[in-house]
Structure formats: structure tokens, C-alpha cells
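Trainee: This is input_27.csv, which holds CSV, C-alpha atoms:
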```csv
chain,number,residue,atom,x,y,z
A,307,MET,CA,-23.0,4.7,13.3
A,308,HIS,CA,-22.8,7.6,10.8
A,309,ASN,CA,-21.1,5.1,8.3
A,310,ASN,CA,-23.3,2.2,9.3
A,311,TYR,CA,-25.2,0.3,6.6
A,312,TYR,CA,-28.6,1.0,8.1
A,313,PHE,CA,-27.9,4.7,8.4
A,314,ILE,CA,-26.6,4.9,4.9
A,315,LYS,CA,-29.9,3.4,3.7
A,316,GLN,CA,-31.8,6.2,5.4
A,317,VAL,CA,-29.6,8.9,4.0
A,318,THR,CA,-29.9,7.5,0.5
A,319,LEU,CA,-33.7,7.4,0.7
A,320,SER,CA,-33.7,11.1,1.7
A,321,LEU,CA,-31.2,12.1,-0.9
A,322,LYS,CA,-33.0,10.3,-3.6
A,323,SER,CA,-36.1,12.6,-3.3
A,324,ILE,CA,-33.8,15.6,-3.5
A,325,LEU,CA,-31.1,14.8,-6.1
A,326,VAL,CA,-32.9,12.7,-8.7
A,327,GLY,CA,-33.3,14.9,-11.8
A,328,SER,CA,-30.7,17.4,-10.6
A,329,VAL,CA,-27.5,18.2,-12.6
A,330,VAL,CA,-23.9,18.4,-11.4
A,331,SER,CA,-22.6,22.0,-11.7
A,332,GLU,CA,-19.3,21.6,-9.8
A,333,CYS,CA,-17.1,18.8,-8.3
A,334,PHE,CA,-14.0,20.1,-6.7
A,335,SER,CA,-11.5,19.8,-3.8
A,336,GLN,CA,-10.0,22.7,-1.9
A,337,ASN,CA,-8.7,20.8,1.1
A,338,LYS,CA,-6.8,17.6,1.4
A,339,ASP,CA,-9.1,14.5,1.6
A,340,GLU,CA,-12.2,16.7,1.1
A,341,LEU,CA,-14.5,16.6,-2.0
A,342,VAL,CA,-17.5,18.8,-2.6
A,343,ILE,CA,-20.2,18.2,-5.3
A,344,ARG,CA,-22.8,20.8,-6.2
A,345,PHE,CA,-26.1,19.8,-7.7
A,346,GLU,CA,-28.5,22.2,-9.4
A,347,THR,CA,-32.3,21.9,-9.6
A,348,GLN,CA,-34.7,24.4,-11.1
A,349,THR,CA,-35.1,26.1,-7.8
A,350,GLN,CA,-31.9,25.7,-5.7
A,351,SER,CA,-28.5,24.2,-5.2
A,352,HIS,CA,-27.7,21.1,-3.1
A,353,TYR,CA,-24.3,20.0,-1.8
A,354,ILE,CA,-22.5,16.8,-0.8
A,355,LYS,CA,-19.3,17.2,1.1
A,356,ALA,CA,-17.1,14.2,1.8
A,357,SER,CA,-14.4,14.5,4.4
A,358,LEU,CA,-12.2,11.4,4.2
A,359,THR,CA,-9.3,11.8,6.5
A,360,GLY,CA,-7.3,8.9,7.8
A,361,SER,CA,-8.7,9.4,11.3
A,362,PHE,CA,-12.3,10.3,10.5
A,363,SER,CA,-14.6,9.9,7.4
A,364,CYS,CA,-18.0,11.5,7.1
A,365,VAL,CA,-20.3,12.6,4.3
A,366,THR,CA,-22.4,15.7,5.0
A,367,PHE,CA,-25.0,17.7,3.2
A,368,PRO,CA,-24.5,21.5,3.9
A,369,ASP,CA,-27.1,24.0,2.8
A,370,THR,CA,-24.5,26.2,1.3
A,371,PHE,CA,-20.8,26.0,0.5
A,372,HIS,CA,-18.5,28.8,-0.7
A,373,ARG,CA,-15.7,27.7,-3.0
A,374,ALA,CA,-12.3,29.3,-2.4
A,375,ARG,CA,-10.9,31.4,-5.3
A,376,LYS,CA,-7.5,29.8,-4.8
A,377,ASN,CA,-6.1,26.3,-4.1
A,378,SER,CA,-9.2,24.7,-5.5
A,379,VAL,CA,-9.1,22.0,-8.2
A,380,ASP,CA,-11.9,20.4,-10.3
A,381,LEU,CA,-12.3,16.6,-10.0
A,382,PHE,CA,-14.4,14.0,-11.8
A,383,GLU,CA,-15.1,16.4,-14.6
A,384,SER,CA,-16.8,13.7,-16.6
A,385,VAL,CA,-20.0,14.0,-14.5
A,386,GLY,CA,-20.2,17.8,-14.9
A,387,GLY,CA,-23.5,18.7,-16.5
A,388,LEU,CA,-24.9,15.2,-16.2
A,389,LYS,CA,-28.3,14.5,-14.7
A,390,VAL,CA,-28.8,12.3,-11.7
A,391,LEU,CA,-30.9,9.2,-12.6
A,392,ASP,CA,-30.9,7.3,-9.3
A,393,LEU,CA,-29.3,6.7,-5.9
A,394,ILE,CA,-28.7,3.1,-4.8
A,395,THR,CA,-27.4,1.2,-1.8
A,396,PHE,CA,-25.7,-2.1,-1.7
A,397,GLU,CA,-27.1,-4.9,0.6
A,398,ASN,CA,-25.2,-5.1,3.9
A,399,GLU,CA,-22.5,-2.8,2.6
A,400,ARG,CA,-21.3,0.6,3.9
A,401,ALA,CA,-21.6,2.3,0.6
A,402,PHE,CA,-24.0,4.2,-1.7
A,403,ALA,CA,-23.8,5.3,-5.3
A,404,ILE,CA,-25.2,8.1,-7.5
A,405,GLN,CA,-26.1,7.0,-11.0
A,406,PHE,CA,-25.8,9.5,-13.8
A,407,GLU,CA,-26.8,9.5,-17.4
A,408,GLU,CA,-24.2,8.4,-20.1
A,409,GLY,CA,-23.2,5.3,-18.0
A,410,TYR,CA,-21.5,7.1,-15.1
A,411,THR,CA,-21.7,6.0,-11.5
A,412,LEU,CA,-20.1,7.7,-8.4
A,413,LEU,CA,-19.5,5.3,-5.6
A,414,PHE,CA,-19.1,6.5,-2.0
A,415,LYS,CA,-17.3,3.7,-0.1
A,416,LEU,CA,-17.4,4.5,3.6
A,417,HIS,CA,-14.9,2.1,5.1
A,418,GLY,CA,-13.4,4.1,8.0
A,419,ASN,CA,-9.8,5.1,7.2
A,420,ARG,CA,-10.1,3.3,3.8
A,421,SER,CA,-13.0,5.4,2.6
A,422,ASN,CA,-12.9,6.6,-0.9
A,423,ILE,CA,-15.0,8.0,-3.8
A,424,ILE,CA,-14.7,6.1,-7.0
A,425,LEU,CA,-16.1,7.0,-10.5
A,426,PHE,CA,-17.3,4.2,-12.8
A,427,HIS,CA,-18.0,4.5,-16.5
A,428,ASN,CA,-19.9,1.6,-18.0
A,429,GLN,CA,-19.2,-0.5,-14.8
A,430,GLN,CA,-15.4,0.1,-15.1
A,431,VAL,CA,-13.3,2.2,-12.6
A,432,ALA,CA,-12.5,5.5,-14.4
A,433,ALA,CA,-11.0,7.5,-11.5
A,434,CYS,CA,-10.5,7.5,-7.7
A,435,PHE,CA,-10.6,10.4,-5.4
A,436,LYS,CA,-7.8,8.9,-3.2
A,437,ASN,CA,-5.2,7.0,-5.2
A,438,ASN,CA,-3.4,5.4,-2.2
A,439,ILE,CA,-5.8,2.5,-1.9
A,440,PRO,CA,-4.7,0.1,-4.7
A,441,ALA,CA,-7.6,-2.4,-4.1
A,442,ASP,CA,-10.1,0.2,-5.1
A,443,VAL,CA,-9.0,0.0,-8.7
A,444,ALA,CA,-10.3,-3.6,-8.8
A,445,ILE,CA,-13.7,-2.9,-7.2
A,446,THR,CA,-16.8,-3.9,-9.2
A,447,LEU,CA,-20.3,-2.5,-8.4
A,448,HIS,CA,-22.0,-5.9,-8.7
A,449,SER,CA,-19.7,-7.5,-6.1
A,450,LEU,CA,-20.4,-5.0,-3.3
A,451,ALA,CA,-23.7,-6.4,-2.1
A,452,ARG,CA,-23.3,-9.1,0.6
A,453,ASN,CA,-25.8,-11.7,1.8
A,454,ILE,CA,-26.6,-12.5,5.4
A,455,ASP,CA,-28.8,-15.4,6.4
A,456,PHE,CA,-31.3,-13.9,8.9
A,457,SER,CA,-33.2,-17.2,9.4
A,458,PHE,CA,-33.8,-18.5,12.9
A,459,ASP,CA,-32.1,-21.9,12.0
A,460,HIS,CA,-28.9,-20.0,11.0
A,461,PHE,CA,-29.0,-17.9,14.1
A,462,LYS,CA,-29.3,-21.0,16.4
A,463,VAL,CA,-26.1,-22.5,14.8
A,464,HIS,CA,-24.2,-19.2,15.2
A,465,ALA,CA,-25.7,-17.9,18.4
A,466,HIS,CA,-22.3,-18.2,20.1
A,467,GLU,CA,-20.7,-15.6,17.8
A,468,PRO,CA,-23.5,-13.3,16.6
A,469,GLU,CA,-21.1,-10.4,16.0
A,470,LYS,CA,-19.5,-12.2,13.1
A,471,THR,CA,-22.8,-13.3,11.6
A,472,TYR,CA,-24.5,-9.9,11.8
A,473,PHE,CA,-21.6,-7.7,11.0
A,474,THR,CA,-23.8,-4.9,9.7
A,475,PHE,CA,-25.1,-4.0,13.2
A,476,GLY,CA,-21.9,-2.2,14.3
A,477,LYS,CA,-20.4,-1.5,17.8
A,478,LEU,CA,-23.2,0.7,19.1
A,479,ALA,CA,-25.8,-2.0,18.4
A,480,TRP,CA,-23.8,-4.6,20.2
A,481,LEU,CA,-23.3,-2.2,23.1
A,482,TYR,CA,-27.1,-1.7,23.2
A,483,LEU,CA,-27.6,-5.5,23.2
A,484,HIS,CA,-25.0,-5.9,25.9
A,485,GLU,CA,-26.8,-3.4,28.1
A,486,ALA,CA,-30.0,-5.4,27.5
A,487,ASP,CA,-28.2,-8.5,28.9
A,488,PHE,CA,-28.5,-10.2,25.5
A,489,GLN,CA,-25.9,-12.9,26.1
A,490,SER,CA,-27.5,-14.3,29.2
A,491,LYS,CA,-30.9,-14.8,27.5
A,492,PRO,CA,-32.0,-18.1,26.1
A,493,VAL,CA,-31.8,-18.5,22.3
A,494,ASP,CA,-35.5,-17.8,21.6
A,495,ALA,CA,-35.3,-14.6,23.7
A,496,GLN,CA,-32.1,-13.6,21.9
A,497,TRP,CA,-33.8,-14.1,18.5
A,498,HIS,CA,-36.8,-12.0,19.6
A,499,THR,CA,-34.5,-9.2,20.8
A,500,LEU,CA,-32.5,-9.3,17.5
A,501,GLN,CA,-35.8,-9.0,15.5
A,502,GLN,CA,-36.8,-6.0,17.5
A,503,LEU,CA,-33.4,-4.4,17.0
A,504,MET,CA,-33.5,-5.0,13.2
A,505,GLN,CA,-36.9,-3.5,13.0
A,506,THR,CA,-35.6,-0.4,14.8
A,507,LEU,CA,-32.5,-0.2,12.5
A,508,GLU,CA,-34.6,-0.6,9.4
A,509,HIS,CA,-37.1,2.0,10.4
A,510,PRO,CA,-35.5,4.2,13.1
A,511,PRO,CA,-38.0,6.4,14.8
A,512,ALA,CA,-35.3,9.0,15.4
A,513,TYR,CA,-31.5,9.6,15.3
A,514,TYR,CA,-29.5,10.2,18.4
A,515,LEU,CA,-26.4,12.2,19.1
A,516,THR,CA,-24.9,10.5,22.1
A,517,ARG,CA,-21.7,10.4,24.1
A,518,ILE,CA,-19.9,7.2,25.0
A,519,LYS,CA,-16.8,7.5,27.1
A,520,GLY,CA,-16.7,11.2,26.2
A,521,VAL,CA,-16.8,10.6,22.4
A,522,LEU,CA,-19.7,11.9,20.3
A,523,HIS,CA,-21.5,9.3,18.2
A,524,LEU,CA,-24.5,9.3,15.8
A,525,SER,CA,-26.8,6.4,16.6
A,526,LEU,CA,-30.0,4.9,15.4
A,527,ILE,CA,-30.8,3.5,18.9
A,528,PRO,CA,-30.8,5.2,22.3
A,529,VAL,CA,-27.5,4.1,23.8
A,530,GLY,CA,-24.9,5.9,25.9
A,531,GLU,CA,-25.6,9.5,27.2
A,532,VAL,CA,-28.0,10.8,24.6
A,533,GLN,CA,-27.4,14.6,24.0
A,534,SER,CA,-30.1,15.3,21.4
A,535,THR,CA,-32.8,13.6,19.2
A,536,ILE,CA,-33.2,14.5,15.6
A,537,ASP,CA,-35.9,13.3,13.1
A,538,ASP,CA,-34.2,13.9,9.8
A,539,PRO,CA,-31.1,11.8,8.8
A,540,LEU,CA,-29.4,14.6,6.8
A,541,VAL,CA,-29.9,17.1,9.6
A,542,ALA,CA,-28.6,14.5,12.1
A,543,VAL,CA,-25.4,13.8,10.2
A,544,ASN,CA,-24.7,17.5,9.6
A,545,THR,CA,-25.2,18.3,13.3
A,546,PHE,CA,-23.1,15.3,14.3
A,547,TYR,CA,-20.2,16.3,11.9
A,548,TYR,CA,-20.0,19.9,13.1
A,549,GLN,CA,-20.2,19.0,16.8
A,550,TYR,CA,-17.6,16.2,16.3
A,551,ILE,CA,-15.2,18.5,14.5
A,552,GLN,CA,-15.6,21.1,17.1
A,553,GLN,CA,-14.9,18.5,19.8
A,554,ASP,CA,-11.9,17.2,17.8
A,555,ALA,CA,-10.5,20.7,17.4
A,556,PHE,CA,-11.0,21.3,21.1
A,557,GLU,CA,-9.2,18.1,22.0
A,558,HIS,CA,-6.3,18.9,19.7
A,559,GLU,CA,-6.0,22.4,21.4
A,560,LYS,CA,-6.2,20.7,24.8
A,561,VAL,CA,-3.6,18.1,24.0
A,562,ALA,CA,-1.3,20.8,22.6
A,563,ALA,CA,-1.8,23.1,25.7
A,564,ILE,CA,-1.2,20.2,28.1
A,565,SER,CA,1.9,19.2,26.2
A,566,LYS,CA,3.3,22.7,26.3
A,567,LEU,CA,2.6,22.9,30.1
A,568,LYS,CA,4.2,19.6,30.7
A,569,GLN,CA,7.3,20.7,28.8
A,570,ALA,CA,7.5,23.9,30.9
A,571,ILE,CA,7.0,21.9,34.1
A,572,GLN,CA,9.8,19.5,33.1
A,573,ALA,CA,12.1,22.4,32.2
A,574,ASN,CA,11.5,24.1,35.6
A,575,GLU,CA,11.9,20.8,37.4
A,576,ASN,CA,15.3,20.2,35.7
A,577,TYR,CA,16.3,23.8,36.6
A,578,CYS,CA,15.4,23.3,40.2
A,579,ALA,CA,17.2,19.9,40.3
A,580,LYS,CA,20.4,21.5,39.0
A,581,ALA,CA,20.1,24.4,41.5
A,582,ARG,CA,19.6,22.0,44.4
A,583,GLN,CA,22.6,20.0,43.2
A,584,LYS,CA,24.7,23.2,43.1
A,585,ILE,CA,23.7,24.2,46.6
A,586,THR,CA,24.6,20.7,47.9
A,587,GLU,CA,28.0,21.0,46.2
A,588,LEU,CA,28.6,24.4,47.8
A,589,THR,CA,27.7,23.2,51.3
A,590,THR,CA,29.7,19.9,51.1
A,591,ASN,CA,32.6,20.8,48.9
A,592,THR,CA,35.9,21.2,50.9
A,593,SER,CA,38.1,22.0,47.9
A,594,TYR,CA,38.3,25.7,48.7
A,595,ARG,CA,39.7,25.0,52.2
A,596,THR,CA,42.2,22.5,50.8
A,597,TRP,CA,43.4,25.1,48.3
A,598,ALA,CA,43.7,27.7,51.1
A,599,ASP,CA,45.7,25.4,53.3
A,600,LEU,CA,48.0,24.7,50.4
A,601,ILE,CA,48.6,28.4,49.8
A,602,MET,CA,49.3,29.1,53.5
A,603,ALA,CA,51.6,26.1,53.7
A,604,ASN,CA,53.6,27.4,50.7
```
Please rewrite the model in this file as C-alpha cells.

Mentor:
Amino acid sequence: MHNNYYFIKQVTLSLKSILVGSVVSECFSQNKDELVIRFETQTQSHYIKASLTGSFSCVTFPDTFHRARKNSVDLFESVGGLKVLDLITFENERAFAIQFEEGYTLLFKLHGNRSNIILFHNQQVAACFKNNIPADVAITLHSLARNIDFSFDHFKVHAHEPEKTYFTFGKLAWLYLHEADFQSKPVDAQWHTLQQLMQTLEHPPAYYLTRIKGVLHLSLIPVGEVQSTIDDPLVAVNTFYYQYIQQDAFEHEKVAAISKLKQAIQANENYCAKARQKITELTTNTSYRTWADLIMAN
């Protein structure tokens, strides 16, 4: 849920109070699929780090970040030195944008493995962080917001396929509803449950780090095996990111170690099989006796 529309709204609200009025001092990349932006206020620096790999995308907000002296390249140089005017979200869309002076807007589009950061100037695409997503060149800011009819009459008509109607909820929300036996309830009760869920998503009392089938998730609702509860959305996503990356690194090491052990086991099994075959040949082979008989006979 860290890229869920409702969570992005909470992150944007928190960022707005921090970044509005600040100035961009650096925007750079020193790792593939990673962008770091440094903002300056009169008292301190603030950072946004976007990690947009093909398997995992997440935007975090570290307290500090040390830029490498080598293998680092400046990006989106047009926004350097510009002041942040506002932060905005787009209705029912997994994206937020930072508006700068002089007509620049930086869009964070958080669409899983198609996530990207796109710079607009006067509403036109000026540059993309990742250039391997052709459709992003044609994006317009005013087309990002999407409408959902949340009326009871609309719900009654589409109660048989609510996942398609309320696509912003996300998998964890539907898991939460499934555990609450949502589908077996009458329509009126389903509607009431949905209203409660929406209220929680719009105004989450806390943020949960939870495990579902062994995988760590950030959730706005208590679902799965809750590991910890955090009050601040920026702290929550930072904590989630570092724990997830550690888990991911551990899993990679585990897979590599298991693969190496399996190869060693297979090699030993092949050796043993060949040795057993040789022993069988030695105990059953009569060719030596035949050769000896031939020699004695001649």
C-alpha cells in the first residue's frame, strides 16, 4: 500500500508543510533507477529519494544523504534553484506532483514497474527520468485525475464486481474486506462496511508494517501479521523501505546460497552415481576372464 492513492495523499499532506517555500539545491542520480532531490530551507536540508526498479518502486524521505564523489550525474537541472510553490495529488491516481516557480512541475508517477518521474514545463513534458516508457511522453497533468461514483445507487448496480468499481482500494483493502466476510453480507451491510473502510483510508489513525505470506507490506489498515504501528506517514514509508530492502537482500543471499548448495549436491550425486556404475561394471564384467582364456588358448 506504499504506492496506494490514499497513502500518497497522506504523504503529500505531510510533505507540503515541509517543502513549500524550500529551494532545490541538488537533483542527481548515482545508482541505476534511483533519483535523489535535495531541498534547502533556511534551517535545514530535506531529501526525496525515489527508487524505481523494475521489481520494486518506492519514494522515501531520508534525513540525510551523502552524494558519491564519482559515478553521480545531475538530472532535471532546470529546477535547480527554484522554489517549491505547492504539492498536489490527483484524484484516485497513484501520483503526486511538486509545483515550482517559472512553470515547472515534477510528477511522481508510482505505477509499480512502470513508475517514473516526469518534468513538465508549462504543462508540456520536458524530460523523463526513465526513457524506456514511451507512453509517459504523452502524459498530460490535467488527464491524471479519475472520477469514481461513490453513490449508493451506483454501488447497488456494481455490487457483484466492487474491485473494478473501487480500484483505488488496493489488494490489502480487499483482503481486509474478505477477512470481514464482506461478500456474504447483504448489500446494505456491504455499503456500510465500505463507508467505514473509506473513512479509515481517508483518515488513517496509524500506519502498519505487516507481513502477509512472509512478505512485508505497508498498510493503512490492520491486516495480516502486524509487526509495528507508526503514526507518521514519512517515518512509516522510510521504515518500511529499509526493512523491505534488508529482507529482499536476505532473500537474494538465501536464494544464491541454496542454489550453490543444490549445485554441489547435484555434482556429488552425479559422482556417486558414476562410482556405483563403475563398481557394477567391475563386479559383472567378464571381459577380463574372456581375454585370459583367449591368451591361454593361444

Trainee: Select, counting only C-alpha atoms, all protein, DNA and RNA residues no farther than 12 Å from (-15.5, 4.5, -18.4) in file coordinates, and express the selection as a short mmCIF file (atom, residue, chain, number, x, y, z; two decimals) with C-alpha atoms, keeping the file's coordinate frame.

Mentor:
```cif
data_model
loop_
_atom_site.label_atom_id
_atom_site.label_comp_id
_atom_site.auth_asym_id
_atom_site.auth_seq_id
_atom_site.Cartn_x
_atom_site.Cartn_y
_atom_site.Cartn_z
CA PHE A 382 -14.40 14.00 -11.80
CA SER A 384 -16.80 13.70 -16.60
CA VAL A 385 -20.00 14.00 -14.50
CA GLU A 408 -24.20 8.40 -20.10
CA GLY A 409 -23.20 5.30 -18.00
CA TYR A 410 -21.50 7.10 -15.10
CA THR A 411 -21.70 6.00 -11.50
CA LEU A 412 -20.10 7.70 -8.40
CA ILE A 424 -14.70 6.10 -7.00
CA LEU A 425 -16.10 7.00 -10.50
CA PHE A 426 -17.30 4.20 -12.80
CA HIS A 427 -18.00 4.50 -16.50
CA ASN A 428 -19.90 1.60 -18.00
CA GLN A 429 -19.20 -0.50 -14.80
CA GLN A 430 -15.40 0.10 -15.10
CA VAL A 431 -13.30 2.20 -12.60
CA ALA A 432 -12.50 5.50 -14.40
CA ALA A 433 -11.00 7.50 -11.50
#
```

Trainee: Rounded to one decimal, what separation in Å do you get between atom CA of A:Phe435 and atom CA of A:Ser351?

Mentor: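 Straight-line distance from atom CA of A:Phe435 to atom CA of A:Ser351 works out to 22.6 Å.
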
Trainee: So, counting all atoms listed in the file, which residue among A:Gln549, A:Asn576, A:Thr318, A:Gln336 is closest to A:Leu381?

Mentor: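 The closest residue to A:Leu381 is A:Gln336.
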
Trainee: Choose the residue, out of A:Trp497, A:Arg344, A:Phe313, A:Asp369, that has the smallest atom-to-atom separation from A:His464; count only C-alpha atoms.

Mentor: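 Result for the nearest residue to A:His464: A:Trp497.
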
Trainee: When you look at A:Asp459 with a cut-off of 12 Å (counting only C-alpha atoms), what residues show up, excluding the ones that are within fewer than 3 positions of it in the same chain? I need them as an mmCIF file with C-alpha atoms, keeping the file's coordinate frame.

Mentor:
```cif
data_model
loop_
_atom_site.group_PDB
_atom_site.id
_atom_site.type_symbol
_atom_site.label_atom_id
_atom_site.label_comp_id
_atom_site.auth_asym_id
_atom_site.auth_seq_id
_atom_site.Cartn_x
_atom_site.Cartn_y
_atom_site.Cartn_z
ATOM 1 C CA ASP A 455 -28.800 -15.400 6.400
ATOM 2 C CA PHE A 456 -31.300 -13.900 8.900
ATOM 3 C CA LYS A 462 -29.300 -21.000 16.400
ATOM 4 C CA VAL A 463 -26.100 -22.500 14.800
ATOM 5 C CA HIS A 464 -24.200 -19.200 15.200
ATOM 6 C CA ALA A 465 -25.700 -17.900 18.400
ATOM 7 C CA VAL A 493 -31.800 -18.500 22.300
ATOM 8 C CA ASP A 494 -35.500 -17.800 21.600
ATOM 9 C CA TRP A 497 -33.800 -14.100 18.500
#
```

Trainee: Can you measure atom CA of A:Leu540 to atom CA of A:Ser331 for me? One decimal in Å is fine.

Mentor: 21.1 Å

Trainee: Between atom CA of A:Tyr312 and atom CA of A:Glu508, measure the distance and give it in Å to one decimal.

Mentor: 6.3 Å

Trainee: Could you name the residues that touch A:Leu325 at 10 Å or less, counting all atoms listed in the file, but leaving out those on the same chain fewer than 6 positions away, as a compact mmCIF listing (two decimals) with C-alpha atoms, in the frame of the given file?

Mentor:
```txt
# COMPACT_ATOMS: atom_id res chain seq x y z
CA THR A 318 -29.90 7.50 0.50
CA PHE A 345 -26.10 19.80 -7.70
CA GLU A 346 -28.50 22.20 -9.40
CA THR A 347 -32.30 21.90 -9.60
CA SER A 351 -28.50 24.20 -5.20
CA HIS A 352 -27.70 21.10 -3.10
CA TYR A 353 -24.30 20.00 -1.80
CA LYS A 389 -28.30 14.50 -14.70
CA VAL A 390 -28.80 12.30 -11.70
CA LEU A 391 -30.90 9.20 -12.60
CA ASP A 392 -30.90 7.30 -9.30
CA LEU A 393 -29.30 6.70 -5.90
CA ILE A 404 -25.20 8.10 -7.50
```
